[in-house]
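Worksheet for the structure shown next.
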Amino acid sequence: MQLYSTNNKYLRVSFKEAVFNSMPQDKGLYMPVEIPQLDADFIGNIEKYSLPEIAYKIASTLLKDEIPAEDLKALIEDAINFEAPAVKLDDNTFVLELFHGPSLAFKDFGARFMSRVMAYFLKDGEQLLDVLVATSGDTGGAVALGFLGVPNTRVTILYPEGKVSPIQELQLTTNAENIRAVQVKGTFDDCQALVKQAFADEELNAKFRLTSANSINISRLIPQTFYYFNTYAQLKKQGLNDVIFSVPSGNFGNIGAGLLAYKLGLPVKQFIAATNINDTVPRFLESGIYETKPSTQTYSNAMDVGAPSNWVRIMDLFNGDVDTLKKVVTSYRFNDEETLAGIKEIDSKFDYVACPHTAIAYLAIEKFREENPDDESAAVFLSTAHACKFPDIFPKEIAAKIKIPEQVKALESKPQHADKLNVDFEGFKNYLLKG
Ligand SMILES: *Cc1c(COP(=O)(O)O)cnc(C)c1O
């Protein structure tokens, strides 16, 4: 597999290089030079395959011989070791539960696959890989649990004090082993700035092999295509062939993976990009003007993104042709009041508790159906996280219905530890240098 930069079509790097560097020097994003079509026979019989089998087929088609077949199979079986069920709510409405991994969010797909790909490429005796991440909540948990116990790696996670939910904090602070949690007296932006400064620091780079586990890493995007195919397989098994997906979107990595799946040959009728009031993309699709904004805090805080980093990838998938893109992608925005009403509606209609991000994807399906009354496709909205990660949002009677998963209960009895730092780069640097 060869990759180019969205800022330089002529650049060529290997998959391994793109995995360890995340981003090209020119600040573009890596994209596959070639997007092969999956064979029609595979798509025609997809309902006969399991999630790991589907994942292997896609990964091997994209990666070609970057990782030998048996190694890739083993890697996938280890990384994608949980289910992604499309739960039926009514005859043609499904919620795709992507929260059955260790951190209870869809980011487990990307983080687990990436950690194992990195570990695979790290040869015995090579220098320890130091992963630095800043998190506002979900990314940190997925990366921590994704790398936990992975040989030859060490992860340092910076998170803002008092700004992550209790379960998110437990996922960051109860790991020990090769995972360090650092609580920063500041905001997520401060954490991100500290990490960025560390990547630019000569002394740190001379001493450590630093890498970011950033969501723009191509090895996080690829495994997110797996569940789109697997969902299509689940629906096809039930005789449903026309499928639309509604994706709660922030940095647009998740829907970007859906569109990559589409380009690989997945027959999807429509994608809906559902956002909160951080609505750069819906505004762009309405007006043709791409204008980023500073982000505004909402109930669906994992989608509080004013400059979605993966949007350039999506534009590249469509060769910059906005009219073609608009035939495949519709986008709607919803505010907090609507989000809360959506949570209540899903609860009363289906007796189902959806996290605020998931509720926005549901609302987008309702809106799409209102605008397209003749469309009878089965609609799947992606549930990107378990409701228990956002306990403060729900009205009491709905919060009472949330079942806390066993793996969370297990965390509650573990010792917690976070190192504490101020927003001060010299302090952070000394912390890292001490090792
Ligand atoms: C990260 C996240 C999103 C946004 O996904 P993108 O790939 O950034 O669009 C949505 N919901 C939850 C719960 C998340 O953690």
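Lettering and numbering for the structure tokens are positional, with chains as A, B, ... in the shown order, residues counted from 1 in each chain, and ligands counted from 1 in the shown order.
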
Contacts to ligand 1 at 6 Å cut-off (only C-alpha atoms and all ligand atoms) as a list of chain:residue names:
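If we count only C-alpha atoms and all ligand atoms, the neighbours of ligand 1 turn out to be A:Ala105, A:Asp138, A:Pro248, A:Ser249, A:Gly250, A:Asn251, A:Phe252, A:Gly253, A:Asn254, A:Ala302, A:Met303, A:His357, A:Thr384, A:Ala385.
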
Taking only residues of range 11-79 of chain A that have an atom at most 8 Å from an atom of range 232-237 of chain A, what is each one's shortest atom pair and its distance in Å to one decimal, using only C-alpha atoms, in chain and number order, as a tab-separated table?
residue	atom	partner	partner_atom	distance
A:Ile46	CA	A:Ala233	CA	5.4
A:Glu47	CA	A:Ala233	CA	4.3
A:Lys48	CA	A:Ala233	CA	7.8
A:Tyr49	CA	A:Ala233	CA	7.8

Those selected residues, please, written with N, CA and C atoms and delivered as a JSON list (two decimals), in the first residue's frame.
[["chain", "number", "residue", "atom", "x", "y", "z"],
["A", 46, "ILE", "N", -21.61, -11.38, 1.35],
["A", 46, "ILE", "CA", -21.01, -10.82, 2.58],
["A", 46, "ILE", "C", -21.71, -11.31, 3.85],
["A", 47, "GLU", "N", -22.99, -11.63, 3.74],
["A", 47, "GLU", "CA", -23.72, -12.06, 4.94],
["A", 47, "GLU", "C", -23.19, -13.38, 5.49],
["A", 48, "LYS", "N", -22.36, -14.07, 4.71],
["A", 48, "LYS", "CA", -21.83, -15.36, 5.19],
["A", 48, "LYS", "C", -20.57, -15.19, 6.04],
["A", 49, "TYR", "N", -20.06, -13.97, 6.10],
["A", 49, "TYR", "CA", -18.79, -13.77, 6.79],
["A", 49, "TYR", "C", -18.97, -13.13, 8.18]]

In terms of the shortest atom-to-atom distance over only C-alpha atoms, which of A:Val87, A:Thr211, A:Asn205, A:Ser295 is closest to Phe188 in chain A?
A:Ser295

Would you mind listing what lies within 10 Å of Leu63 in chain A as a list in words, with only C-alpha atoms counted and same-chain residues fewer than 4 positions away left out?
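Listing them by chain and then by number gives Met1, Gln2, Ser14, Phe15, Pro32, Ile58, Ala59, Ile67, Pro68, Leu72 and Ile222 of chain A.
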
Please identify which residues in range 145-387 of chain A DSSP calls alpha helix (DSSP H) from the backbone, and express them as number ranges by chain.
A: 145-147, 166-173, 188-200, 202-207, 218-237, 253-263, 280-287, 311-317, 322-328, 336-350, 356-371

Picked from range 91-292 of chain A by DSSP as strand (DSSP E or B), as a PyMOL selection string
chain A and resi 93-97+105+129-134+153-160+179-185+209-212+243-248+270-275

Please provide the set of residues having any atom within 6 Å of Ala257 in chain A, restricted to only C-alpha atoms, with same-chain residues fewer than 3 positions apart removed, written as a PyMOL selection string.
chain A and resi 221+224-225+254+260

Would you write out those residues with N, CA and C atoms, as a PDB file, in the first residue's frame?
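In the end it all went to part.pdb:
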ATOM      1  N   LEU A 221      -8.109   4.988  10.693  1.00  0.00           N
ATOM      2  CA  LEU A 221      -9.204   5.116   9.725  1.00  0.00           C
ATOM      3  C   LEU A 221      -9.609   3.752   9.146  1.00  0.00           C
ATOM      4  N   GLN A 224     -12.062   1.389  10.905  1.00  0.00           N
ATOM      5  CA  GLN A 224     -13.422   1.919  11.021  1.00  0.00           C
ATOM      6  C   GLN A 224     -14.264   1.591   9.794  1.00  0.00           C
ATOM      7  N   THR A 225     -13.624   1.172   8.697  1.00  0.00           N
ATOM      8  CA  THR A 225     -14.426   0.736   7.537  1.00  0.00           C
ATOM      9  C   THR A 225     -15.074  -0.623   7.821  1.00  0.00           C
ATOM     10  N   ASN A 254     -14.931   9.047  11.433  1.00  0.00           N
ATOM     11  CA  ASN A 254     -15.872   7.939  11.362  1.00  0.00           C
ATOM     12  C   ASN A 254     -16.610   7.933  10.016  1.00  0.00           C
ATOM     13  N   LEU A 260     -14.901   5.845   2.686  1.00  0.00           N
ATOM     14  CA  LEU A 260     -13.847   4.992   2.136  1.00  0.00           C
ATOM     15  C   LEU A 260     -14.429   3.605   1.832  1.00  0.00           C
TER      16      LEU A 260
END

Which residue, A:Ser165, A:Thr324, A:Thr156, A:Asn241, has the smallest gap to Tyr431 in chain A when you use only C-alpha atoms?
A:Thr156

From A:Leu240, A:Ala86, A:Leu11, A:Ile167, residue lying nearest His386 in chain A [only C-alpha atoms]:
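Closest to His386 in chain A, using only C-alpha atoms: A:Ile167.
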
Min atom-atom distance to Leu266 in chain A from the set A:Val164, A:Leu38, A:Leu29, A:Ala18, counting only C-alpha atoms, belongs to A:Leu38

Do you know which residues are at most 12 Å from Phe109 in chain A counting only C-alpha atoms, after dropping those on the same chain fewer than 4 positions away, and could you put them as a ChimeraX atom specification?
/A:51-52,55,76-84,98-105,113-116,139,142-143,145-146,215,219-227,253-254,257,384

Take the residues that were just selected and, keeping C-alpha atoms, output them as a compact mmCIF listing (two decimals), in the first residue's frame.
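Output below, filename part-v5.txt:
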# COMPACT_ATOMS: atom_id res chain seq x y z
CA LEU A 51 -16.75 -9.42 11.49
CA PRO A 52 -13.09 -10.59 11.74
CA ALA A 55 -12.10 -7.08 8.49
CA ILE A 76 -7.21 -8.44 13.52
CA GLU A 77 -8.47 -11.22 15.76
CA ASP A 78 -6.65 -9.64 18.68
CA ALA A 79 -7.72 -6.06 17.88
CA ILE A 80 -11.35 -6.58 16.85
CA ASN A 81 -12.33 -8.96 19.65
CA PHE A 82 -15.75 -7.50 20.43
CA GLU A 83 -19.08 -7.29 18.64
CA ALA A 84 -20.71 -4.44 16.72
CA LEU A 98 -20.04 0.52 18.48
CA PHE A 99 -19.43 0.70 22.22
CA HIS A 100 -18.73 -2.91 23.13
CA GLY A 101 -14.96 -2.48 23.25
CA PRO A 102 -12.92 -1.80 26.39
CA SER A 103 -13.35 1.99 26.47
CA LEU A 104 -17.06 1.84 25.55
CA ALA A 105 -16.68 4.04 22.47
CA PHE A 113 -5.90 -1.73 15.48
CA MET A 114 -3.34 1.09 15.48
CA SER A 115 -1.61 -0.10 18.67
CA ARG A 116 -1.21 -3.59 17.29
CA THR A 139 -9.70 9.32 22.73
CA ALA A 142 -9.44 4.16 23.79
CA VAL A 143 -5.71 4.79 23.35
CA LEU A 145 -6.82 0.58 26.81
CA GLY A 146 -5.70 -0.06 23.23
CA SER A 215 -7.12 10.36 15.19
CA SER A 219 -4.22 3.07 10.84
CA ARG A 220 -7.16 4.40 12.84
CA LEU A 221 -9.20 5.12 9.72
CA ILE A 222 -8.89 1.70 8.07
CA PRO A 223 -10.44 -0.42 10.87
CA GLN A 224 -13.42 1.92 11.02
CA THR A 225 -14.43 0.74 7.54
CA PHE A 226 -14.89 -2.80 8.92
CA TYR A 227 -18.13 -2.13 10.77
CA GLY A 253 -12.99 10.33 10.79
CA ASN A 254 -15.87 7.94 11.36
CA ALA A 257 -14.17 5.68 6.95
CA THR A 384 -20.52 5.95 19.09

Residue nearest Phe20 in chain A among A:Asp130, A:Asp347, A:Glu371, A:Asp189 (counting only C-alpha atoms)
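Of A:Asp130, A:Asp347, A:Glu371, A:Asp189, the one nearest Phe20 in chain A, counting only C-alpha atoms, is A:Asp130.
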